[in-house]
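Shown below: run00.csv, with CSV, C-alpha atoms and all ligand atoms.
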```csv
chain,number,residue,atom,x,y,z
A,1,MET,CA,-4.0,26.2,-3.7
A,2,ASP,CA,-5.3,24.7,-6.9
A,3,ILE,CA,-3.4,21.5,-7.6
A,4,LYS,CA,-4.8,21.2,-11.1
A,5,LYS,CA,-3.3,24.5,-12.0
A,6,THR,CA,0.1,23.4,-10.6
A,7,ILE,CA,-0.1,20.2,-12.7
A,8,ASP,CA,-1.1,22.2,-15.8
A,9,LYS,CA,1.9,24.5,-15.2
A,10,MET,CA,4.2,21.5,-15.0
A,11,ILE,CA,2.8,20.2,-18.3
A,12,VAL,CA,3.4,23.4,-20.1
A,13,SER,CA,6.8,24.4,-18.7
A,14,SER,CA,8.3,20.8,-18.2
A,15,ASN,CA,9.6,22.3,-15.0
A,16,ALA,CA,8.7,22.7,-11.3
A,17,ASN,CA,10.3,23.6,-8.0
A,18,ILE,CA,10.5,21.3,-5.1
A,19,GLU,CA,7.5,22.9,-3.3
A,20,ASP,CA,5.2,22.4,-6.3
A,21,ILE,CA,6.2,18.7,-6.6
A,22,VAL,CA,5.7,18.1,-2.9
A,23,ASN,CA,2.3,19.7,-3.1
A,24,VAL,CA,1.2,17.4,-5.9
A,25,LEU,CA,2.6,14.3,-4.2
A,26,ASP,CA,0.8,15.3,-1.0
A,27,SER,CA,-2.6,16.0,-2.8
A,28,ASN,CA,-5.6,13.9,-3.5
A,29,CYS,CA,-5.7,14.9,-7.1
A,30,ASP,CA,-4.8,11.5,-8.3
A,31,ASN,CA,-7.3,11.1,-11.1
A,32,TYR,CA,-6.4,14.3,-12.8
A,33,LEU,CA,-2.6,13.7,-12.3
A,34,PHE,CA,-2.9,10.2,-13.7
A,35,GLN,CA,-5.0,11.2,-16.7
A,36,GLN,CA,-2.6,14.0,-17.7
A,37,ALA,CA,0.4,11.6,-17.4
A,38,ASN,CA,-1.4,9.1,-19.5
A,39,ASN,CA,-2.1,11.7,-22.2
A,40,ILE,CA,1.5,12.8,-22.2
A,41,ARG,CA,2.7,9.2,-22.5
A,42,LYS,CA,0.4,8.7,-25.5
A,43,LYS,CA,1.5,12.0,-27.1
A,44,TYR,CA,5.3,11.5,-26.8
A,45,CYS,CA,5.7,7.7,-26.6
A,46,GLY,CA,2.6,6.3,-28.4
A,47,ASP,CA,0.7,3.2,-27.3
A,48,GLU,CA,3.6,0.8,-27.7
A,49,ILE,CA,4.9,-1.2,-24.8
A,50,HIS,CA,8.5,-2.3,-24.9
A,51,LEU,CA,9.4,-5.8,-23.6
A,52,ARG,CA,12.9,-6.3,-22.3
A,53,ALA,CA,14.7,-9.5,-21.4
A,54,ILE,CA,16.8,-9.3,-18.3
A,55,ILE,CA,19.6,-11.8,-17.5
A,56,GLU,CA,20.6,-11.5,-13.9
A,57,PHE,CA,23.9,-13.2,-14.4
A,58,SER,CA,25.6,-13.0,-11.0
A,59,ASN,CA,24.4,-12.4,-7.5
A,60,HIS,CA,27.9,-11.9,-6.1
A,61,CYS,CA,28.2,-8.4,-4.9
A,62,ARG,CA,31.0,-6.4,-3.3
A,63,CYS,CA,28.5,-3.8,-2.1
A,64,ASP,CA,27.0,-3.3,1.3
A,65,CYS,CA,23.7,-1.5,0.5
A,66,LEU,CA,21.6,-1.4,3.7
A,67,TYR,CA,18.4,-2.2,1.8
A,68,CYS,CA,19.5,-4.9,-0.7
A,69,GLY,CA,19.2,-8.7,-0.1
A,70,ILE,CA,22.3,-9.6,-2.1
A,71,ASN,CA,24.5,-7.3,0.0
A,72,ARG,CA,27.9,-8.8,0.7
A,73,GLN,CA,27.1,-9.4,4.4
A,74,ASN,CA,24.2,-11.8,3.6
A,75,ILE,CA,26.0,-15.1,4.2
A,76,SER,CA,22.7,-17.1,4.1
A,77,LEU,CA,22.3,-16.5,0.4
A,78,GLU,CA,23.6,-19.1,-2.1
A,79,ARG,CA,25.7,-17.3,-4.6
A,80,TYR,CA,25.9,-18.1,-8.4
A,81,ARG,CA,27.7,-16.9,-11.5
A,82,MET,CA,26.7,-17.7,-15.1
A,83,ASN,CA,29.7,-18.2,-17.3
A,84,PRO,CA,30.0,-16.1,-20.5
A,85,GLU,CA,28.9,-18.9,-22.8
A,86,GLU,CA,25.8,-19.5,-20.7
A,87,ILE,CA,24.9,-15.8,-20.7
A,88,ILE,CA,25.2,-15.7,-24.5
A,89,GLU,CA,23.1,-18.9,-24.8
A,90,TYR,CA,20.3,-17.3,-22.8
A,91,ALA,CA,20.5,-14.1,-24.8
A,92,LYS,CA,20.1,-16.2,-27.9
A,93,ARG,CA,17.0,-17.9,-26.5
A,94,ALA,CA,15.4,-14.6,-25.5
A,95,TYR,CA,16.2,-13.2,-29.0
A,96,GLU,CA,14.5,-16.2,-30.6
A,97,ALA,CA,11.5,-15.7,-28.4
A,98,GLY,CA,11.2,-12.1,-29.7
A,99,TYR,CA,13.1,-9.9,-27.3
A,100,LYS,CA,15.2,-7.2,-28.9
A,101,THR,CA,16.7,-5.8,-25.8
A,102,MET,CA,18.9,-7.8,-23.4
A,103,VAL,CA,19.5,-6.2,-20.0
A,104,LEU,CA,22.6,-7.7,-18.5
A,105,GLN,CA,22.4,-7.2,-14.8
A,106,SER,CA,24.5,-8.4,-11.8
A,107,GLY,CA,25.7,-7.5,-8.4
A,108,GLU,CA,29.0,-5.6,-8.5
A,109,ASP,CA,31.1,-8.6,-9.3
A,110,PRO,CA,34.7,-7.9,-10.3
A,111,TRP,CA,35.0,-11.6,-11.5
A,112,TYR,CA,33.5,-10.2,-14.7
A,113,ASP,CA,36.5,-8.0,-15.7
A,114,ARG,CA,36.6,-5.6,-18.6
A,115,GLY,CA,37.6,-8.3,-21.0
A,116,LYS,CA,34.9,-10.9,-20.0
A,117,ILE,CA,32.1,-8.3,-20.4
A,118,SER,CA,33.6,-7.1,-23.7
A,119,TYR,CA,33.5,-10.7,-25.0
A,120,ILE,CA,29.8,-11.2,-23.9
A,121,ILE,CA,28.7,-7.9,-25.6
A,122,ARG,CA,30.5,-8.7,-28.8
A,123,GLU,CA,29.1,-12.3,-29.0
A,124,ILE,CA,25.5,-11.2,-28.3
A,125,LYS,CA,25.8,-8.4,-30.9
A,126,LYS,CA,26.7,-11.1,-33.5
A,127,LEU,CA,23.3,-12.8,-32.9
A,128,GLY,CA,21.3,-10.0,-34.5
A,129,ASP,CA,19.9,-6.6,-34.1
A,130,ILE,CA,19.8,-6.6,-30.4
A,131,ALA,CA,20.2,-3.6,-28.0
A,132,ILE,CA,22.3,-4.3,-25.0
A,133,THR,CA,21.7,-2.6,-21.7
A,134,LEU,CA,24.4,-3.1,-19.0
A,135,SER,CA,23.5,-2.8,-15.4
A,136,VAL,CA,26.6,-3.8,-13.5
A,137,GLY,CA,27.2,-0.9,-11.2
A,138,GLU,CA,30.0,1.5,-10.6
A,139,ARG,CA,33.1,0.8,-12.7
A,140,GLU,CA,36.1,2.7,-14.0
A,141,TYR,CA,35.7,5.2,-16.9
A,142,ASP,CA,37.9,3.0,-19.1
A,143,ASP,CA,35.6,-0.1,-18.6
A,144,TYR,CA,32.5,2.0,-19.6
A,145,LYS,CA,34.4,3.3,-22.6
A,146,GLN,CA,35.5,-0.1,-23.8
A,147,TRP,CA,32.1,-1.6,-23.5
A,148,LYS,CA,30.6,1.2,-25.5
A,149,LEU,CA,33.1,0.5,-28.2
A,150,ASP,CA,32.2,-3.2,-28.1
A,151,GLY,CA,28.6,-2.2,-28.9
A,152,ALA,CA,26.8,-1.8,-25.6
A,153,ASP,CA,23.9,0.7,-26.2
A,154,ARG,CA,22.5,1.5,-22.8
A,155,PHE,CA,23.4,1.6,-19.1
A,156,LEU,CA,21.2,1.5,-16.0
A,157,LEU,CA,22.6,2.9,-12.8
A,158,LYS,CA,20.0,4.1,-10.4
A,159,HIS,CA,20.9,7.1,-8.2
A,160,GLU,CA,18.7,5.4,-5.5
A,161,THR,CA,18.3,8.7,-3.6
A,162,ALA,CA,19.1,12.3,-4.4
A,163,ASP,CA,19.8,13.1,-0.7
A,164,GLU,CA,23.6,13.0,-0.5
A,165,GLU,CA,23.7,12.3,3.2
A,166,LEU,CA,21.1,9.6,3.0
A,167,TYR,CA,22.9,8.1,0.0
A,168,ASN,CA,26.2,7.9,1.8
A,169,TYR,CA,24.5,6.3,4.8
A,170,LEU,CA,22.7,3.6,2.7
A,171,HIS,CA,25.8,2.8,0.7
A,172,PRO,CA,28.8,2.6,3.1
A,173,HIS,CA,31.0,1.3,0.2
A,174,SER,CA,30.2,4.2,-2.2
A,175,THR,CA,29.6,7.9,-2.3
A,176,PHE,CA,26.9,10.0,-3.9
A,177,LYS,CA,29.7,11.9,-5.7
A,178,ASN,CA,31.1,8.8,-7.4
A,179,ARG,CA,27.6,7.6,-8.3
A,180,THR,CA,26.7,10.8,-10.1
A,181,GLN,CA,30.2,11.0,-11.6
A,182,CYS,CA,29.6,7.5,-13.2
A,183,LEU,CA,26.2,8.7,-14.5
A,184,LYS,CA,27.8,11.7,-16.1
A,185,TRP,CA,30.5,9.6,-17.7
A,186,LEU,CA,28.0,7.2,-19.1
A,187,LYS,CA,26.1,10.1,-20.8
A,188,GLU,CA,29.3,11.6,-22.1
A,189,LEU,CA,30.3,8.3,-23.6
A,190,GLY,CA,27.0,8.2,-25.5
A,191,TYR,CA,25.1,5.5,-23.6
A,192,GLN,CA,21.3,5.8,-23.5
A,193,THR,CA,21.4,6.2,-19.7
A,194,GLY,CA,18.9,5.1,-17.1
A,195,SER,CA,18.6,6.0,-13.5
A,196,GLY,CA,15.9,5.7,-10.8
A,197,PHE,CA,15.2,5.4,-7.1
A,198,MET,CA,13.0,3.7,-4.5
A,199,ILE,CA,9.9,5.0,-2.9
A,200,GLY,CA,9.6,4.5,0.9
A,201,ILE,CA,13.2,3.9,1.7
A,202,PRO,CA,13.7,4.8,5.4
A,203,GLY,CA,14.9,8.4,5.8
A,204,GLN,CA,13.1,9.6,2.7
A,205,THR,CA,10.5,12.4,2.7
A,206,LEU,CA,8.3,13.9,0.0
A,207,ASN,CA,11.0,16.6,-0.3
A,208,THR,CA,13.5,13.9,-1.1
A,209,ILE,CA,11.2,12.4,-3.8
A,210,ALA,CA,10.9,15.9,-5.4
A,211,LYS,CA,14.7,16.1,-5.5
A,212,ASP,CA,14.9,12.6,-7.0
A,213,ILE,CA,12.6,13.6,-9.8
A,214,LEU,CA,14.5,16.9,-10.4
A,215,LEU,CA,17.8,14.9,-10.5
A,216,LEU,CA,16.4,12.7,-13.2
A,217,LYS,CA,15.6,15.8,-15.1
A,218,GLU,CA,19.0,17.3,-14.6
A,219,LEU,CA,20.6,14.1,-15.7
A,220,ASP,CA,18.3,14.1,-18.7
A,221,VAL,CA,17.8,10.4,-18.4
A,222,ASP,CA,16.5,8.2,-21.2
A,223,MET,CA,15.0,5.7,-18.8
A,224,ALA,CA,14.0,5.7,-15.1
A,225,GLY,CA,13.1,2.8,-12.8
A,226,ILE,CA,11.0,3.9,-9.9
A,227,GLY,CA,9.6,1.3,-7.5
A,228,PRO,CA,8.5,0.8,-3.9
A,229,PHE,CA,11.0,-0.3,-1.3
A,230,ILE,CA,10.4,-3.8,0.1
A,231,SER,CA,12.3,-4.8,3.2
A,232,HIS,CA,14.4,-7.9,3.1
A,233,PRO,CA,15.0,-10.0,6.3
A,234,GLN,CA,18.7,-10.3,5.7
A,235,THR,CA,19.4,-6.6,5.6
A,236,ARG,CA,19.9,-3.8,8.2
A,237,LEU,CA,16.6,-2.3,7.0
A,238,ARG,CA,14.6,-5.4,7.9
A,239,ASN,CA,11.1,-4.8,9.4
A,240,ASN,CA,10.7,-1.4,7.7
A,241,PRO,CA,7.3,-0.9,6.0
A,242,THR,CA,6.9,-1.4,2.3
A,243,GLY,CA,6.8,1.8,0.2
A,244,SER,CA,3.4,3.1,-0.9
A,245,THR,CA,2.3,1.9,-4.3
A,246,ASN,CA,0.0,5.0,-4.7
A,247,LEU,CA,3.0,7.3,-4.0
A,248,THR,CA,5.0,5.3,-6.5
A,249,LEU,CA,2.3,5.8,-9.2
A,250,LYS,CA,2.1,9.6,-8.4
A,251,THR,CA,5.9,9.8,-8.7
A,252,LEU,CA,5.8,8.0,-12.0
A,253,ALA,CA,3.1,10.3,-13.3
A,254,ILE,CA,5.0,13.5,-12.3
A,255,THR,CA,8.2,12.1,-13.8
A,256,ARG,CA,6.3,11.5,-17.1
A,257,ILE,CA,4.8,15.0,-17.0
A,258,LEU,CA,8.1,16.8,-16.3
A,259,LEU,CA,10.4,14.7,-18.5
A,260,LYS,CA,8.0,13.7,-21.2
A,261,ARG,CA,10.0,11.1,-23.2
A,262,PRO,CA,11.9,8.7,-21.0
A,263,HIS,CA,11.1,5.0,-21.0
A,264,LEU,CA,9.5,4.2,-17.7
A,265,PRO,CA,9.2,0.5,-16.7
A,266,THR,CA,6.8,-0.9,-14.3
A,267,THR,CA,9.3,-2.2,-11.7
A,268,THR,CA,9.1,-5.7,-10.4
A,269,SER,CA,8.9,-4.4,-6.9
A,270,LEU,CA,5.6,-2.6,-7.9
A,271,GLU,CA,4.3,-5.9,-9.2
A,272,VAL,CA,5.3,-7.7,-6.1
A,273,THR,CA,3.7,-5.2,-3.8
A,274,ASN,CA,0.4,-5.0,-5.7
A,275,VAL,CA,-0.2,-6.8,-9.0
A,276,ARG,CA,-3.1,-4.5,-9.9
A,277,ASP,CA,-0.8,-1.5,-9.6
A,278,ARG,CA,1.4,-2.9,-12.3
A,279,GLU,CA,-1.5,-2.5,-14.6
A,280,ASN,CA,-2.3,0.9,-13.2
A,281,ALA,CA,1.2,2.0,-13.9
A,282,PHE,CA,0.6,1.7,-17.6
A,283,TYR,CA,-2.2,4.3,-17.2
A,284,THR,CA,0.0,6.7,-15.2
A,285,GLY,CA,3.0,7.0,-17.5
A,286,ALA,CA,4.8,3.6,-17.8
A,287,ASN,CA,5.6,2.0,-21.1
A,288,VAL,CA,8.1,-0.8,-20.5
A,289,ILE,CA,8.0,-4.3,-19.0
A,290,MET,CA,11.1,-6.4,-18.1
A,291,ARG,CA,11.2,-10.2,-17.7
A,292,LYS,CA,13.8,-12.4,-16.2
A,293,VAL,CA,15.1,-15.0,-18.7
A,294,GLN,CA,18.0,-16.7,-16.9
A,295,PRO,CA,17.7,-20.3,-15.8
A,296,PHE,CA,15.0,-20.9,-13.2
A,297,GLU,CA,17.4,-21.9,-10.4
A,298,TYR,CA,19.0,-18.5,-10.6
A,299,ARG,CA,15.8,-16.4,-10.8
A,300,ARG,CA,14.9,-16.9,-7.1
A,301,LEU,CA,18.6,-16.5,-6.0
A,302,TYR,CA,18.7,-12.9,-7.4
A,303,GLU,CA,16.8,-11.9,-4.3
A,304,ILE,CA,17.1,-8.2,-3.9
A,305,TYR,CA,13.9,-8.2,-2.0
A,306,PRO,CA,11.5,-11.1,-1.2
A,307,ASN,CA,9.5,-12.0,-4.3
A,308,PRO,CA,7.1,-14.9,-3.9
A,309,SER,CA,5.8,-14.5,-7.5
A,310,ILE,CA,8.9,-15.7,-9.4
A,311,LYS,CA,7.7,-17.9,-12.2
A,312,GLU,CA,9.2,-21.1,-13.5
A,313,GLN,CA,7.9,-20.5,-17.0
A,314,SER,CA,9.7,-20.9,-20.3
A,315,ILE,CA,10.9,-17.7,-22.0
A,316,GLU,CA,8.5,-18.4,-24.9
A,317,ASN,CA,5.4,-19.0,-22.7
A,318,GLU,CA,6.1,-16.0,-20.5
A,319,ARG,CA,6.6,-13.8,-23.6
A,320,LYS,CA,3.2,-15.0,-25.0
A,321,GLU,CA,1.5,-14.4,-21.7
A,322,ILE,CA,2.8,-10.8,-21.7
A,323,GLU,CA,1.9,-10.2,-25.3
A,324,ASN,CA,-1.7,-11.2,-24.4
A,325,TYR,CA,-1.7,-9.0,-21.4
A,326,VAL,CA,-0.6,-6.0,-23.4
A,327,LYS,CA,-3.3,-6.6,-26.0
A,328,MET,CA,-5.9,-6.9,-23.3
A,329,MET,CA,-4.9,-3.5,-22.1
A,330,GLY,CA,-5.6,-2.2,-25.6
A,331,ARG,CA,-1.9,-1.4,-26.1
A,332,LYS,CA,0.6,-2.6,-28.7
A,333,ILE,CA,3.8,-4.5,-28.4
A,334,SER,CA,6.7,-2.6,-29.9
A,335,SER,CA,8.3,-4.5,-32.7
A,336,ASP,CA,11.6,-2.5,-32.7
A,337,ARG,CA,14.4,-2.2,-30.2
A,338,GLY,CA,12.8,0.6,-28.3
A,339,ASP,CA,15.7,3.0,-28.2
A,340,ALA,CA,15.5,6.3,-26.4
A,341,ILE,CA,12.9,8.6,-27.8
A,342,LYS,CA,14.5,12.0,-28.5
B,401,LIG,N1,13.4,-2.9,-2.3
B,401,LIG,C1,13.1,-2.3,-3.5
B,401,LIG,N2,14.0,-2.1,-4.5
B,401,LIG,C2,15.3,-2.5,-4.2
B,401,LIG,N3,16.4,-2.5,-4.9
B,401,LIG,C3,17.4,-3.0,-4.2
B,401,LIG,N4,16.9,-3.4,-3.0
B,401,LIG,C4,15.6,-3.1,-3.0
B,401,LIG,C5,14.6,-3.3,-2.0
B,401,LIG,N5,14.8,-3.8,-0.8
B,401,LIG,C6,16.5,-1.9,-6.2
B,401,LIG,C7,17.5,-0.8,-6.2
B,401,LIG,C8,18.6,-1.3,-7.1
B,401,LIG,C9,17.8,-2.3,-8.0
B,401,LIG,C10,18.7,-3.4,-8.5
B,401,LIG,O1,16.8,-2.8,-7.2
B,401,LIG,O2,16.9,0.4,-6.8
B,401,LIG,O3,19.2,-0.4,-8.0
```
With the file now loaded, output its structure as structure tokens.
Amino acid sequence: MDIKKTIDKMIVSSNANIEDIVNVLDSNCDNYLFQQANNIRKKYCGDEIHLRAIIEFSNHCRCDCLYCGINRQNISLERYRMNPEEIIEYAKRAYEAGYKTMVLQSGEDPWYDRGKISYIIREIKKLGDIAITLSVGEREYDDYKQWKLDGADRFLLKHETADEELYNYLHPHSTFKNRTQCLKWLKELGYQTGSGFMIGIPGQTLNTIAKDILLLKELDVDMAGIGPFISHPQTRLRNNPTGSTNLTLKTLAITRILLKRPHLPTTTSLEVTNVRDRENAFYTGANVIMRKVQPFEYRRLYEIYPNPSIKEQSIENERKEIENYVKMMGRKISSDRGDAIK
């Protein structure tokens, strides 16, 4: 079978069946795949890289995800919550350093009820032309609706795996049906919606990854976070091998080829696994970088997976470092909010 022809067919039709995707994932045709994904990124998204500030404002979590270090059963983790004023203050600092998107992320923490999140959104919106991305997990329809009215622009809710049985096993507190229902509500409400999944989660096959990519397509996502699984010692999936970074890059490339326009970040887990692959990702379809901007003491406590590379660097210095890095790659830093490309 000619893999290049399969890739060419995907480029033209923006479609593929599971078997085609599995064949490409399983092939050694990396150079051709990556080149084509890079061309498509250039054609549809341009050379700009979007920098996002992420404020991980609480590591309290009611969830019990088998892979995640902040799962509620991890009693050895010190928990923190930033109060609304502190969140707004850090958003202000990030805005002054040049960030135009604030990703507000937390564990699923009901302490932040509808009203508290509303207040935070409205106050951050008063600071300037800032896009707000929420990433606070599964909530009621009316919460999502209110926050959209308050001015939230985007929402990230990864589907984690498109295999329903595997999803339900990995998330004893949730169901695949509710997860996808939330994603549909978010789209309906007009959020620029992001999803995503992990590569190498135990129980996943190439067939699952093909279904993951096709689910992103079906959901018609505006963003997708795809990164390798890294096992955390305080989880039930401890001692499982780290996901392959090469397979992650191939998955990114196929996603770029089939979906064309979504924003694709280089996930932190990719950086942690292999710092050179972060750079490679920008040549296989990626166009976004996110940076933690909360106080240093909270950065290492948001430990979804072990990350020895967390920096204690000021927001301004880190931003400058990334700007230089982007220039070194011959790419440009976007000066706008980096909304969904439609
Ligand atoms: N390895 C890699 N990614 C993980 N995530 C959670 N736990 C891990 C892990 N052990 C990802 C999930 C989640 C996001 C916050 O981080 O995709 O949605």
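Taking all atoms listed in the file into account, Asn324 (chain A) lies nearest to A:Ile49 out of the set A:Ala253, A:Val22, A:Cys63, A:Ile49.
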Note to self: If we count all atoms listed in the file and set the cut-off at 9 Å, which residues sit around Ala224 (chain A), ignoring sequence neighbours fewer than 5 positions away in its own chain? Please answer as JSON, numbers by chain.
What the structure shows: {"A": [156, 158, 193, 194, 195, 196, 197, 216, 255, 262, 263, 264, 265]}
Taking all atoms listed in the file into account, produce a table as a tab-separated table in which each residue of chain A with an atom at most 7 Å from an atom of ligand LIG 401 (chain B) appears once, together with its shortest atom pair and the distance in Å to one decimal, ordered by chain and rising number.
```
residue	atom	partner	partner_atom	distance
A:Tyr67	CA	B:LIG401	N5	4.7
A:Cys68	CA	B:LIG401	N4	3.8
A:Gly69	CA	B:LIG401	N4	6.5
A:Leu157	CA	B:LIG401	O3	6.7
A:Lys158	CA	B:LIG401	O3	5.2
A:Glu160	CA	B:LIG401	O2	5.5
A:Gly196	CA	B:LIG401	O2	6.7
A:Phe197	CA	B:LIG401	O2	5.3
A:Met198	CA	B:LIG401	O2	5.6
A:Gly227	CA	B:LIG401	N2	6.3
A:Pro228	CA	B:LIG401	C1	5.6
A:Phe229	CA	B:LIG401	C1	3.6
A:Ile230	CA	B:LIG401	N1	3.9
A:Ser231	CA	B:LIG401	N5	4.8
A:His232	CA	B:LIG401	N5	5.7
A:Ser269	CA	B:LIG401	C1	5.8
A:Ile304	CA	B:LIG401	N4	4.9
A:Tyr305	CA	B:LIG401	N5	4.6
```
Next item on the list: One decimal, Å: what's the distance from CA of Asn178 (chain A) over to CA of Asp64 (chain A), could you say?
Entry: 15.5 Å
Next item on the list: Considering all atoms listed in the file, return as a PyMOL selection string whatever protein or nucleic-acid residues lie within 12 Å of Pro172 (chain A), sequence-local ones (same chain, fewer than 4 positions apart) excluded.
Entry: chain A and resi 62-67+71-72+165-168+176
Next item on the list: Would you list the contacts of Lys92 (chain A) as a VMD selection string, taking every protein, DNA or RNA residue within 10 Å and counting only C-alpha atoms, but skipping same-chain residues closer than 4 positions in sequence?
Entry: chain A and resid 86 to 88 96 to 99 102 123 to 124 127 to 128 130
Notebook entry, point to check: Between CA of Lys311 (chain A) and CA of Glu271 (chain A), what is the distance, to one decimal in Å?
Noted result: 12.8 Å
As a PDB file, keeping the file's coordinate frame, please: region 106-119 of chain A completed to N, CA and C atoms.
```
ATOM      1  N   SER A 106      23.853  -7.565 -12.888  1.00  0.00           N
ATOM      2  CA  SER A 106      24.500  -8.400 -11.800  1.00  0.00           C
ATOM      3  C   SER A 106      24.754  -7.546 -10.624  1.00  0.00           C
ATOM      4  N   GLY A 107      25.116  -8.223  -9.533  1.00  0.00           N
ATOM      5  CA  GLY A 107      25.700  -7.500  -8.400  1.00  0.00           C
ATOM      6  C   GLY A 107      27.028  -6.912  -8.898  1.00  0.00           C
ATOM      7  N   GLU A 108      27.656  -6.070  -8.103  1.00  0.00           N
ATOM      8  CA  GLU A 108      29.000  -5.600  -8.500  1.00  0.00           C
ATOM      9  C   GLU A 108      29.975  -6.680  -8.274  1.00  0.00           C
ATOM     10  N   ASP A 109      30.310  -7.373  -9.355  1.00  0.00           N
ATOM     11  CA  ASP A 109      31.100  -8.600  -9.300  1.00  0.00           C
ATOM     12  C   ASP A 109      32.342  -8.486 -10.144  1.00  0.00           C
ATOM     13  N   PRO A 110      33.495  -8.173  -9.521  1.00  0.00           N
ATOM     14  CA  PRO A 110      34.700  -7.900 -10.300  1.00  0.00           C
ATOM     15  C   PRO A 110      35.230  -9.195 -11.033  1.00  0.00           C
ATOM     16  N   TRP A 111      34.641 -10.377 -10.736  1.00  0.00           N
ATOM     17  CA  TRP A 111      35.000 -11.600 -11.500  1.00  0.00           C
ATOM     18  C   TRP A 111      34.832 -11.320 -12.994  1.00  0.00           C
ATOM     19  N   TYR A 112      33.771 -10.562 -13.312  1.00  0.00           N
ATOM     20  CA  TYR A 112      33.500 -10.200 -14.700  1.00  0.00           C
ATOM     21  C   TYR A 112      34.360  -8.939 -14.984  1.00  0.00           C
ATOM     22  N   ASP A 113      35.583  -9.142 -15.423  1.00  0.00           N
ATOM     23  CA  ASP A 113      36.500  -8.000 -15.700  1.00  0.00           C
ATOM     24  C   ASP A 113      36.112  -7.374 -17.009  1.00  0.00           C
ATOM     25  N   ARG A 114      36.857  -6.341 -17.347  1.00  0.00           N
ATOM     26  CA  ARG A 114      36.600  -5.600 -18.600  1.00  0.00           C
ATOM     27  C   ARG A 114      36.487  -6.550 -19.786  1.00  0.00           C
ATOM     28  N   GLY A 115      37.467  -7.458 -19.882  1.00  0.00           N
ATOM     29  CA  GLY A 115      37.600  -8.300 -21.000  1.00  0.00           C
ATOM     30  C   GLY A 115      36.395  -9.332 -21.122  1.00  0.00           C
ATOM     31  N   LYS A 116      35.989  -9.892 -19.992  1.00  0.00           N
ATOM     32  CA  LYS A 116      34.900 -10.900 -20.000  1.00  0.00           C
ATOM     33  C   LYS A 116      33.595 -10.183 -20.498  1.00  0.00           C
ATOM     34  N   ILE A 117      33.336  -8.986 -19.965  1.00  0.00           N
ATOM     35  CA  ILE A 117      32.100  -8.300 -20.400  1.00  0.00           C
ATOM     36  C   ILE A 117      32.190  -7.902 -21.856  1.00  0.00           C
ATOM     37  N   SER A 118      33.371  -7.475 -22.284  1.00  0.00           N
ATOM     38  CA  SER A 118      33.600  -7.100 -23.700  1.00  0.00           C
ATOM     39  C   SER A 118      33.198  -8.327 -24.588  1.00  0.00           C
ATOM     40  N   TYR A 119      33.708  -9.486 -24.206  1.00  0.00           N
ATOM     41  CA  TYR A 119      33.500 -10.700 -25.000  1.00  0.00           C
ATOM     42  C   TYR A 119      31.968 -10.995 -25.069  1.00  0.00           C
TER      43      TYR A 119
END
```
